[in-house]
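Below is the file structure23.pdb, which contains PDB, N, CA and C atoms.
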```pdb
ATOM      1  N   MET A   1      -9.892  -7.186  -2.098
ATOM      2  CA  MET A   1     -10.937  -7.809  -2.874
ATOM      3  C   MET A   1     -10.342  -8.713  -3.949
ATOM      4  N   ILE A   2      -9.292  -8.247  -4.580
ATOM      5  CA  ILE A   2      -8.669  -9.047  -5.636
ATOM      6  C   ILE A   2      -8.043 -10.298  -5.034
ATOM      7  N   ARG A   3      -7.502 -10.167  -3.812
ATOM      8  CA  ARG A   3      -6.870 -11.315  -3.172
ATOM      9  C   ARG A   3      -7.903 -12.405  -2.884
ATOM     10  N   HIS A   4      -9.109 -12.001  -2.454
ATOM     11  CA  HIS A   4     -10.152 -12.982  -2.180
ATOM     12  C   HIS A   4     -10.600 -13.680  -3.462
ATOM     13  N   ALA A   5     -10.706 -12.941  -4.534
ATOM     14  CA  ALA A   5     -11.087 -13.539  -5.810
ATOM     15  C   ALA A   5     -10.013 -14.500  -6.291
ATOM     16  N   LEU A   6      -8.758 -14.139  -6.092
ATOM     17  CA  LEU A   6      -7.647 -15.006  -6.490
ATOM     18  C   LEU A   6      -7.678 -16.309  -5.702
ATOM     19  N   ILE A   7      -7.902 -16.212  -4.396
ATOM     20  CA  ILE A   7      -7.987 -17.420  -3.570
ATOM     21  C   ILE A   7      -9.165 -18.285  -4.014
ATOM     22  N   PHE A   8     -10.303 -17.670  -4.313
ATOM     23  CA  PHE A   8     -11.473 -18.419  -4.760
ATOM     24  C   PHE A   8     -11.193 -19.172  -6.049
ATOM     25  N   TRP A   9     -10.596 -18.490  -7.038
ATOM     26  CA  TRP A   9     -10.373 -19.140  -8.325
ATOM     27  C   TRP A   9      -9.281 -20.207  -8.244
ATOM     28  N   ILE A  10      -8.282 -20.007  -7.424
ATOM     29  CA  ILE A  10      -7.259 -21.056  -7.247
ATOM     30  C   ILE A  10      -7.888 -22.283  -6.592
ATOM     31  N   THR A  11      -8.721 -22.077  -5.583
ATOM     32  CA  THR A  11      -9.389 -23.200  -4.927
ATOM     33  C   THR A  11     -10.321 -23.922  -5.890
ATOM     34  N   THR A  12     -11.051 -23.176  -6.700
ATOM     35  CA  THR A  12     -11.948 -23.788  -7.678
ATOM     36  C   THR A  12     -11.166 -24.596  -8.705
ATOM     37  N   ALA A  13     -10.060 -24.058  -9.191
ATOM     38  CA  ALA A  13      -9.237 -24.769 -10.175
ATOM     39  C   ALA A  13      -8.663 -26.051  -9.582
ATOM     40  N   LEU A  14      -8.207 -26.002  -8.339
ATOM     41  CA  LEU A  14      -7.680 -27.216  -7.707
ATOM     42  C   LEU A  14      -8.771 -28.258  -7.490
ATOM     43  N   ALA A  15      -9.989 -27.820  -7.156
ATOM     44  CA  ALA A  15     -11.095 -28.758  -6.984
ATOM     45  C   ALA A  15     -11.449 -29.431  -8.306
ATOM     46  N   VAL A  16     -11.493 -28.649  -9.376
ATOM     47  CA  VAL A  16     -11.799 -29.228 -10.693
ATOM     48  C   VAL A  16     -10.692 -30.176 -11.122
ATOM     49  N   TRP A  17      -9.447 -29.798 -10.881
ATOM     50  CA  TRP A  17      -8.320 -30.663 -11.236
ATOM     51  C   TRP A  17      -8.376 -31.983 -10.461
ATOM     52  N   GLY A  18      -8.700 -31.919  -9.167
ATOM     53  CA  GLY A  18      -8.836 -33.137  -8.376
ATOM     54  C   GLY A  18      -9.979 -34.000  -8.856
ATOM     55  N   LEU A  19     -11.084 -33.405  -9.259
ATOM     56  CA  LEU A  19     -12.223 -34.153  -9.775
ATOM     57  C   LEU A  19     -11.869 -34.848 -11.080
ATOM     58  N   VAL A  20     -11.182 -34.142 -11.959
ATOM     59  CA  VAL A  20     -10.774 -34.748 -13.237
ATOM     60  C   VAL A  20      -9.822 -35.913 -12.993
ATOM     61  N   LEU A  21      -8.851 -35.750 -12.121
ATOM     62  CA  LEU A  21      -7.919 -36.844 -11.817
ATOM     63  C   LEU A  21      -8.628 -38.031 -11.189
ATOM     64  N   ASP A  22      -9.622 -37.773 -10.322
ATOM     65  CA  ASP A  22     -10.362 -38.856  -9.689
ATOM     66  C   ASP A  22     -11.201 -39.612 -10.709
ATOM     67  N   ILE A  23     -11.826 -38.885 -11.648
ATOM     68  CA  ILE A  23     -12.619 -39.553 -12.688
ATOM     69  C   ILE A  23     -11.709 -40.371 -13.595
ATOM     70  N   MET A  24     -10.527 -39.857 -13.906
ATOM     71  CA  MET A  24      -9.591 -40.608 -14.745
ATOM     72  C   MET A  24      -9.098 -41.867 -14.029
ATOM     73  N   ALA A  25      -8.939 -41.836 -12.726
ATOM     74  CA  ALA A  25      -8.425 -42.980 -11.986
ATOM     75  C   ALA A  25      -9.505 -44.034 -11.749
ATOM     76  N   ARG A  26     -10.722 -43.617 -11.369
ATOM     77  CA  ARG A  26     -11.752 -44.593 -11.003
ATOM     78  C   ARG A  26     -12.923 -44.632 -11.975
ATOM     79  N   GLY A  27     -12.958 -43.800 -12.933
ATOM     80  CA  GLY A  27     -14.057 -43.783 -13.882
ATOM     81  C   GLY A  27     -15.267 -43.074 -13.303
ATOM     82  N   LEU A  28     -16.438 -43.450 -13.779
ATOM     83  CA  LEU A  28     -17.660 -42.781 -13.335
ATOM     84  C   LEU A  28     -18.063 -43.180 -11.918
ATOM     85  N   ALA A  29     -17.417 -44.200 -11.332
ATOM     86  CA  ALA A  29     -17.715 -44.578  -9.951
ATOM     87  C   ALA A  29     -17.303 -43.468  -8.989
ATOM     88  N   ALA A  30     -16.415 -42.594  -9.404
ATOM     89  CA  ALA A  30     -15.989 -41.482  -8.556
ATOM     90  C   ALA A  30     -17.122 -40.479  -8.342
ATOM     91  N   LEU A  31     -18.054 -40.422  -9.265
ATOM     92  CA  LEU A  31     -19.173 -39.487  -9.128
ATOM     93  C   LEU A  31     -20.183 -39.940  -8.076
ATOM     94  N   SER A  32     -20.113 -41.201  -7.637
ATOM     95  CA  SER A  32     -21.052 -41.680  -6.634
ATOM     96  C   SER A  32     -20.827 -40.984  -5.292
ATOM     97  N   PHE A  33     -19.655 -40.435  -5.079
ATOM     98  CA  PHE A  33     -19.396 -39.711  -3.842
ATOM     99  C   PHE A  33     -20.113 -38.359  -3.810
ATOM    100  N   PHE A  34     -20.598 -37.897  -4.922
ATOM    101  CA  PHE A  34     -21.267 -36.603  -4.988
ATOM    102  C   PHE A  34     -22.776 -36.702  -4.832
ATOM    103  N   ILE A  35     -23.304 -37.926  -4.750
ATOM    104  CA  ILE A  35     -24.753 -38.081  -4.660
ATOM    105  C   ILE A  35     -25.282 -37.499  -3.355
ATOM    106  N   PHE A  36     -24.686 -37.857  -2.220
ATOM    107  CA  PHE A  36     -25.157 -37.360  -0.925
ATOM    108  C   PHE A  36     -25.034 -35.840  -0.810
ATOM    109  N   PRO A  37     -23.897 -35.229  -1.155
ATOM    110  CA  PRO A  37     -23.841 -33.762  -1.069
ATOM    111  C   PRO A  37     -24.835 -33.069  -2.001
ATOM    112  N   LEU A  38     -25.070 -33.616  -3.188
ATOM    113  CA  LEU A  38     -26.034 -33.006  -4.096
ATOM    114  C   LEU A  38     -27.455 -33.093  -3.551
ATOM    115  N   ILE A  39     -27.806 -34.228  -2.940
ATOM    116  CA  ILE A  39     -29.128 -34.365  -2.328
ATOM    117  C   ILE A  39     -29.261 -33.390  -1.159
ATOM    118  N   LEU A  40     -28.210 -33.268  -0.365
ATOM    119  CA  LEU A  40     -28.231 -32.348   0.767
ATOM    120  C   LEU A  40     -28.371 -30.898   0.304
ATOM    121  N   LEU A  41     -27.640 -30.515  -0.727
ATOM    122  CA  LEU A  41     -27.768 -29.158  -1.264
ATOM    123  C   LEU A  41     -29.160 -28.912  -1.841
ATOM    124  N   GLY A  42     -29.720 -29.910  -2.482
ATOM    125  CA  GLY A  42     -31.072 -29.779  -3.020
ATOM    126  C   GLY A  42     -32.107 -29.592  -1.919
ATOM    127  N   LEU A  43     -31.967 -30.334  -0.822
ATOM    128  CA  LEU A  43     -32.891 -30.172   0.294
ATOM    129  C   LEU A  43     -32.741 -28.799   0.947
ATOM    130  N   LEU A  44     -31.525 -28.325   1.081
ATOM    131  CA  LEU A  44     -31.310 -26.995   1.648
ATOM    132  C   LEU A  44     -31.896 -25.917   0.746
ATOM    133  N   TYR A  45     -31.712 -26.061  -0.549
ATOM    134  CA  TYR A  45     -32.293 -25.101  -1.486
ATOM    135  C   TYR A  45     -33.817 -25.107  -1.370
ATOM    136  N   TYR A  46     -34.390 -26.299  -1.294
ATOM    137  CA  TYR A  46     -35.840 -26.410  -1.158
ATOM    138  C   TYR A  46     -36.324 -25.761   0.137
ATOM    139  N   ALA A  47     -35.606 -26.010   1.231
ATOM    140  CA  ALA A  47     -36.026 -25.488   2.526
ATOM    141  C   ALA A  47     -35.936 -23.973   2.587
ATOM    142  N   TYR A  48     -34.904 -23.385   2.004
ATOM    143  CA  TYR A  48     -34.710 -21.942   2.121
ATOM    144  C   TYR A  48     -35.434 -21.133   1.053
ATOM    145  N   LYS A  49     -35.639 -21.669  -0.101
ATOM    146  CA  LYS A  49     -36.224 -20.891  -1.194
ATOM    147  C   LYS A  49     -37.687 -21.211  -1.466
ATOM    148  N   ILE A  50     -38.037 -22.463  -1.492
ATOM    149  CA  ILE A  50     -39.370 -22.847  -1.936
ATOM    150  C   ILE A  50     -40.339 -23.017  -0.772
ATOM    151  N   ALA A  51     -39.946 -23.706   0.288
ATOM    152  CA  ALA A  51     -40.852 -24.022   1.383
ATOM    153  C   ALA A  51     -41.377 -22.793   2.123
ATOM    154  N   PRO A  52     -40.583 -21.755   2.440
ATOM    155  CA  PRO A  52     -41.166 -20.612   3.161
ATOM    156  C   PRO A  52     -42.255 -19.898   2.375
ATOM    157  N   GLY A  53     -42.204 -19.907   1.082
ATOM    158  CA  GLY A  53     -43.244 -19.266   0.285
ATOM    159  C   GLY A  53     -44.560 -19.996   0.370
ATOM    160  N   ARG A  54     -44.506 -21.292   0.595
ATOM    161  CA  ARG A  54     -45.732 -22.079   0.663
ATOM    162  C   ARG A  54     -46.340 -22.097   2.055
ATOM    163  N   MET A  55     -45.546 -21.865   3.084
ATOM    164  CA  MET A  55     -46.035 -22.007   4.448
ATOM    165  C   MET A  55     -47.089 -20.947   4.776
ATOM    166  N   GLY A  56     -46.793 -19.739   4.678
ATOM    167  CA  GLY A  56     -47.755 -18.697   5.017
ATOM    168  C   GLY A  56     -47.203 -17.377   4.536
ATOM    169  N   GLY A  57     -48.060 -16.450   4.363
ATOM    170  CA  GLY A  57     -47.603 -15.143   3.936
ATOM    171  C   GLY A  57     -47.076 -15.138   2.514
ATOM    172  N   GLY A  58     -47.470 -16.109   1.740
ATOM    173  CA  GLY A  58     -47.044 -16.148   0.356
ATOM    174  C   GLY A  58     -47.786 -15.122  -0.465
ATOM    175  N   PRO A  59     -47.451 -15.011  -1.737
ATOM    176  CA  PRO A  59     -48.109 -13.995  -2.541
ATOM    177  C   PRO A  59     -49.593 -14.261  -2.759
ATOM    178  N   GLY A  60     -50.052 -15.510  -2.649
ATOM    179  CA  GLY A  60     -51.448 -15.831  -2.893
ATOM    180  C   GLY A  60     -52.350 -15.571  -1.700
ATOM    181  N   ARG A  61     -51.777 -15.491  -0.495
ATOM    182  CA  ARG A  61     -52.585 -15.330   0.701
ATOM    183  C   ARG A  61     -52.671 -13.863   1.114
ATOM    184  N   PRO A  62     -53.847 -13.453   1.546
ATOM    185  CA  PRO A  62     -53.952 -12.066   2.019
ATOM    186  C   PRO A  62     -53.305 -11.935   3.397
ATOM    187  N   ARG A  63     -52.673 -10.810   3.622
ATOM    188  CA  ARG A  63     -52.040 -10.562   4.914
ATOM    189  C   ARG A  63     -53.023  -9.826   5.812
ATOM    190  N   THR A  64     -52.969 -10.161   7.098
ATOM    191  CA  THR A  64     -53.837  -9.469   8.033
ATOM    192  C   THR A  64     -53.261  -8.092   8.323
ATOM    193  N   LYS A  65     -54.121  -7.111   8.335
ATOM    194  CA  LYS A  65     -53.681  -5.742   8.562
ATOM    195  C   LYS A  65     -53.938  -5.389  10.020
ATOM    196  N   VAL A  66     -52.914  -4.839  10.664
ATOM    197  CA  VAL A  66     -53.030  -4.443  12.054
ATOM    198  C   VAL A  66     -53.450  -2.988  12.098
ATOM    199  N   LYS A  67     -54.535  -2.721  12.827
ATOM    200  CA  LYS A  67     -55.031  -1.356  12.938
ATOM    201  C   LYS A  67     -54.439  -0.736  14.200
ATOM    202  N   PRO A  68     -53.687   0.352  14.072
ATOM    203  CA  PRO A  68     -53.112   0.979  15.261
ATOM    204  C   PRO A  68     -54.187   1.653  16.104
ATOM    205  N   SER A  69     -53.921   1.732  17.404
ATOM    206  CA  SER A  69     -54.896   2.338  18.311
ATOM    207  C   SER A  69     -54.915   3.851  18.123
ATOM    208  N   ALA A  70     -55.924   4.471  18.719
ATOM    209  CA  ALA A  70     -56.051   5.933  18.616
ATOM    210  C   ALA A  70     -54.896   6.630  19.323
ATOM    211  N   LYS A  71     -54.435   6.047  20.431
ATOM    212  CA  LYS A  71     -53.319   6.632  21.173
ATOM    213  C   LYS A  71     -52.047   6.616  20.321
ATOM    214  N   THR A  72     -51.817   5.509  19.641
ATOM    215  CA  THR A  72     -50.645   5.416  18.772
ATOM    216  C   THR A  72     -50.734   6.409  17.631
ATOM    217  N   MET A  73     -51.902   6.543  17.044
ATOM    218  CA  MET A  73     -52.073   7.485  15.940
ATOM    219  C   MET A  73     -51.860   8.928  16.400
ATOM    220  N   SER A  74     -52.290   9.252  17.635
ATOM    221  CA  SER A  74     -52.074  10.613  18.125
ATOM    222  C   SER A  74     -50.590  10.874  18.350
ATOM    223  N   LYS A  75     -49.852   9.856  18.817
ATOM    224  CA  LYS A  75     -48.405  10.012  18.984
ATOM    225  C   LYS A  75     -47.733  10.236  17.639
ATOM    226  N   VAL A  76     -48.113   9.449  16.650
ATOM    227  CA  VAL A  76     -47.524   9.579  15.316
ATOM    228  C   VAL A  76     -47.838  10.947  14.728
ATOM    229  N   ALA A  77     -49.053  11.419  14.923
ATOM    230  CA  ALA A  77     -49.432  12.739  14.411
ATOM    231  C   ALA A  77     -48.632  13.831  15.113
ATOM    232  N   GLY A  78     -48.396  13.682  16.414
ATOM    233  CA  GLY A  78     -47.599  14.661  17.154
ATOM    234  C   GLY A  78     -46.166  14.694  16.695
ATOM    235  N   ILE A  79     -45.604  13.544  16.398
ATOM    236  CA  ILE A  79     -44.224  13.476  15.905
ATOM    237  C   ILE A  79     -44.125  14.122  14.532
ATOM    238  N   ARG A  80     -45.095  13.896  13.705
ATOM    239  CA  ARG A  80     -45.065  14.475  12.358
ATOM    240  C   ARG A  80     -45.143  15.998  12.408
ATOM    241  N   LYS A  81     -45.913  16.535  13.367
ATOM    242  CA  LYS A  81     -46.040  17.983  13.472
ATOM    243  C   LYS A  81     -44.747  18.618  13.958
ATOM    244  N   THR A  82     -44.055  17.967  14.891
ATOM    245  CA  THR A  82     -42.842  18.567  15.459
ATOM    246  C   THR A  82     -41.658  18.471  14.509
ATOM    247  N   THR A  83     -41.665  17.551  13.595
ATOM    248  CA  THR A  83     -40.540  17.417  12.676
ATOM    249  C   THR A  83     -40.636  18.356  11.493
ATOM    250  N   GLY A  84     -41.602  19.242  11.463
ATOM    251  CA  GLY A  84     -41.790  20.149  10.340
ATOM    252  C   GLY A  84     -40.704  21.198  10.228
ATOM    253  N   SER A  85     -40.116  21.637  11.351
ATOM    254  CA  SER A  85     -39.095  22.676  11.303
ATOM    255  C   SER A  85     -37.759  22.102  11.769
ATOM    256  N   PRO A  86     -36.930  21.629  10.835
ATOM    257  CA  PRO A  86     -35.684  20.993  11.237
ATOM    258  C   PRO A  86     -34.619  21.979  11.701
ATOM    259  N   GLY A  87     -34.794  23.291  11.493
ATOM    260  CA  GLY A  87     -33.776  24.259  11.844
ATOM    261  C   GLY A  87     -33.729  24.561  13.334
ATOM    262  N   LYS A  88     -34.832  24.399  14.051
ATOM    263  CA  LYS A  88     -34.878  24.714  15.471
ATOM    264  C   LYS A  88     -34.373  23.520  16.283
ATOM    265  N   ARG A  89     -33.736  23.832  17.407
ATOM    266  CA  ARG A  89     -33.272  22.788  18.300
ATOM    267  C   ARG A  89     -34.405  22.353  19.204
ATOM    268  N   LYS A  90     -34.413  21.105  19.560
ATOM    269  CA  LYS A  90     -35.414  20.601  20.479
ATOM    270  C   LYS A  90     -35.029  20.992  21.901
ATOM    271  N   SER A  91     -36.013  21.252  22.731
ATOM    272  CA  SER A  91     -35.726  21.561  24.127
ATOM    273  C   SER A  91     -35.972  20.300  24.944
ATOM    274  N   TYR A  92     -34.984  19.898  25.686
ATOM    275  CA  TYR A  92     -35.084  18.710  26.509
ATOM    276  C   TYR A  92     -35.276  19.120  27.967
ATOM    277  N   PRO A  93     -36.006  18.356  28.753
ATOM    278  CA  PRO A  93     -36.265  18.718  30.147
ATOM    279  C   PRO A  93     -35.106  18.371  31.083
ATOM    280  N   PHE A  94     -33.885  18.313  30.586
ATOM    281  CA  PHE A  94     -32.737  17.974  31.410
ATOM    282  C   PHE A  94     -31.977  19.241  31.777
ATOM    283  N   GLN A  95     -31.351  19.209  32.942
ATOM    284  CA  GLN A  95     -30.479  20.312  33.309
ATOM    285  C   GLN A  95     -29.299  19.747  34.091
ATOM    286  N   VAL A  96     -28.205  20.465  34.059
ATOM    287  CA  VAL A  96     -26.997  20.027  34.727
ATOM    288  C   VAL A  96     -27.088  20.422  36.192
ATOM    289  N   ILE A  97     -26.828  19.453  37.055
ATOM    290  CA  ILE A  97     -26.825  19.718  38.492
ATOM    291  C   ILE A  97     -25.376  19.703  38.951
ATOM    292  N   GLU A  98     -24.934  20.802  39.490
ATOM    293  CA  GLU A  98     -23.562  20.895  39.973
ATOM    294  C   GLU A  98     -23.418  20.032  41.218
ATOM    295  N   GLY A  99     -22.298  19.326  41.303
ATOM    296  CA  GLY A  99     -22.048  18.480  42.457
ATOM    297  C   GLY A  99     -21.654  19.285  43.684
ATOM    298  N   SER A 100     -21.762  18.653  44.869
ATOM    299  CA  SER A 100     -21.450  19.342  46.116
ATOM    300  C   SER A 100     -19.960  19.289  46.442
ATOM    301  N   LYS A 101     -19.210  18.418  45.800
ATOM    302  CA  LYS A 101     -17.774  18.329  46.033
ATOM    303  C   LYS A 101     -17.093  19.494  45.323
ATOM    304  N   GLY A 102     -16.045  19.991  45.944
ATOM    305  CA  GLY A 102     -15.315  21.078  45.325
ATOM    306  C   GLY A 102     -14.469  20.578  44.167
ATOM    307  N   LYS A 103     -14.409  21.327  43.109
ATOM    308  CA  LYS A 103     -13.619  20.931  41.943
ATOM    309  C   LYS A 103     -12.244  21.560  42.048
ATOM    310  N   ASN A 104     -11.257  20.782  41.680
ATOM    311  CA  ASN A 104      -9.887  21.270  41.656
ATOM    312  C   ASN A 104      -9.472  21.358  40.194
ATOM    313  N   ASP A 105      -9.311  22.561  39.669
ATOM    314  CA  ASP A 105      -8.995  22.732  38.246
ATOM    315  C   ASP A 105      -7.610  22.224  37.899
ATOM    316  N   ASP A 106      -6.731  22.071  38.879
ATOM    317  CA  ASP A 106      -5.381  21.567  38.593
ATOM    318  C   ASP A 106      -5.389  20.104  38.212
ATOM    319  N   GLN A 107      -6.365  19.335  38.731
ATOM    320  CA  GLN A 107      -6.396  17.912  38.465
ATOM    321  C   GLN A 107      -7.165  17.569  37.189
ATOM    322  N   LEU A 108      -7.851  18.513  36.627
ATOM    323  CA  LEU A 108      -8.597  18.234  35.390
ATOM    324  C   LEU A 108      -7.629  18.132  34.221
ATOM    325  N   PRO A 109      -7.839  17.226  33.309
ATOM    326  CA  PRO A 109      -6.972  17.144  32.127
ATOM    327  C   PRO A 109      -7.211  18.341  31.216
ATOM    328  N   LYS A 110      -6.173  18.672  30.446
ATOM    329  CA  LYS A 110      -6.295  19.808  29.543
ATOM    330  C   LYS A 110      -7.266  19.516  28.396
ATOM    331  N   TYR A 111      -7.285  18.272  27.928
ATOM    332  CA  TYR A 111      -8.139  17.881  26.800
ATOM    333  C   TYR A 111      -9.028  16.740  27.268
ATOM    334  N   HIS A 112     -10.303  16.839  26.953
ATOM    335  CA  HIS A 112     -11.202  15.735  27.246
ATOM    336  C   HIS A 112     -12.304  15.656  26.233
TER     337      HIS A 112
END
```

Starting from the coordinates I provided, produce the structure as structure tokens.
Amino acid sequence: MIRHALIFWITTALAVWGLVLDIMARGLAALSFFIFPLILLGLLYYAYKIAPGRMGGGPGRPRTKVKPSAKTMSKVAGIRKTTGSPGKRKSYPFQVIEGSKGKNDDQLPKYH
């Protein structure tokens, strides 16, 4: 974590140093190169932060409520009843079916 912060601050310091040297060499005309990236960042900020709130589902608009069916509610009620006793194991309708091939215990690994 410290290494990433160190890389970030070194990169930031070099960027600021390059900007200062560029302004000293060309004056304020060097800042004209930042107009397009600043406009692009502003549009991205607008698109991600401000525009989705206005499109739909904003705080001013009521949300439509979905009413679950009776079948879904009965399933949910059944699940809630069975989860009441966490100490008991659930019984699953699965069982192990032994294969018809003969097993050779010599070929089985010791650890698996």

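We find atom CA of A:Val76 and atom N of A:Ser91 to be spaced 18.0 Å apart.
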
### Atomic distance atom CA of A:Pro37 - atom C of A:Ile50, expressed in Å with one decimal
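Pair atom CA of A:Pro37 / atom C of A:Ile50 returns 19.7 Å.
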
Around stretch 72-81 of chain A, fit a box with edges along x, y and z, padding it by 5 Å on each side, then list its centre and edge lengths in Å to one decimal as JSON.
```
{"center_x": -48.2, "center_y": 12.0, "center_z": 16.0, "size_x": 18.2, "size_y": 23.2, "size_z": 17.3}
```

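For the atom pair formed by atom N of A:Ala30 and atom N of A:Val16, the distance is 14.8 Å, given to one decimal.
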